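Structure first, commentary second.
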Amino acid sequence: MTELGILVKSYSGDFEYAQRLIASINVHNVDLLPVYVVVPEVDLLQFSQNNSDHIKILSENLFAEHLVHQDTAGFSPGYINQEIIKLAFWELGLCDNYLCVDSDAQFIRDFGRADFMALPG
């Protein structure tokens with residue numbers, strides 16, 4: 001298992017933002033931290049062009065047992081499910097720790113493990 005990874009939850013509506021984020025990760029991820037981009041099943045093909053040695057595109061169906069399908073307390077299923085996925089990602093066992101990054105973010109300088117982890121483990 002990897003000590004630290006980056007989680008991005010996105011969907012087709014944010015595709016251009018996600019592309020900008022991924023481009024910035026490709027430039028500035030000096031330690032090649034693994035990046036996991038979780039998208040709806042219907043968006044896998046669109047996002048698959050980003051698959052690489054350190055970027056993996058995953059279906060949100062991996063979290064199907066936790067997801068909601070109707071508005072809850074005035075929030076849309078999309079909003080609630082992105083929060084659920086961010087919280088449940090650890091269950092996949094892909095990394096010990098992970099940084100959640102919204103797809104509309106952008107890295108503007110080099111970064112690595114030491115920028116997010118104070119001590120090993």
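FYI, nothing fancy with the structure tokens labels: chains A, B, ... in order, residues from 1 per chain, ligands from 1 as they appear.
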**Prompt:** Which parts of chain A does DSSP call strand (DSSP E or B) when run on the backbone here, written out as JSON, numbers by chain?
**Reply:** {"A": [2, 3, 4, 5, 6, 7, 8, 9, 29, 35, 36, 37, 38, 39, 55, 56, 57, 58, 59, 72, 75, 95, 96, 97, 98, 99, 100, 111]}
**Request:** Compile the contact shell of range 53-63 of chain A as a count of residues only: residues with an atom at most 10 Å away, counting only C-alpha atoms, same-chain residues fewer than 6 positions apart removed.
**Result:** 34
**Request:** Write out as a ChimeraX atom specification each polymer residue whose atoms come within 7 Å of range 105-110 of chain A, counting only C-alpha atoms; drop sequence neighbours fewer than 2 positions from it.
**Result:** /A:20-21,24-25,28-30,101-103
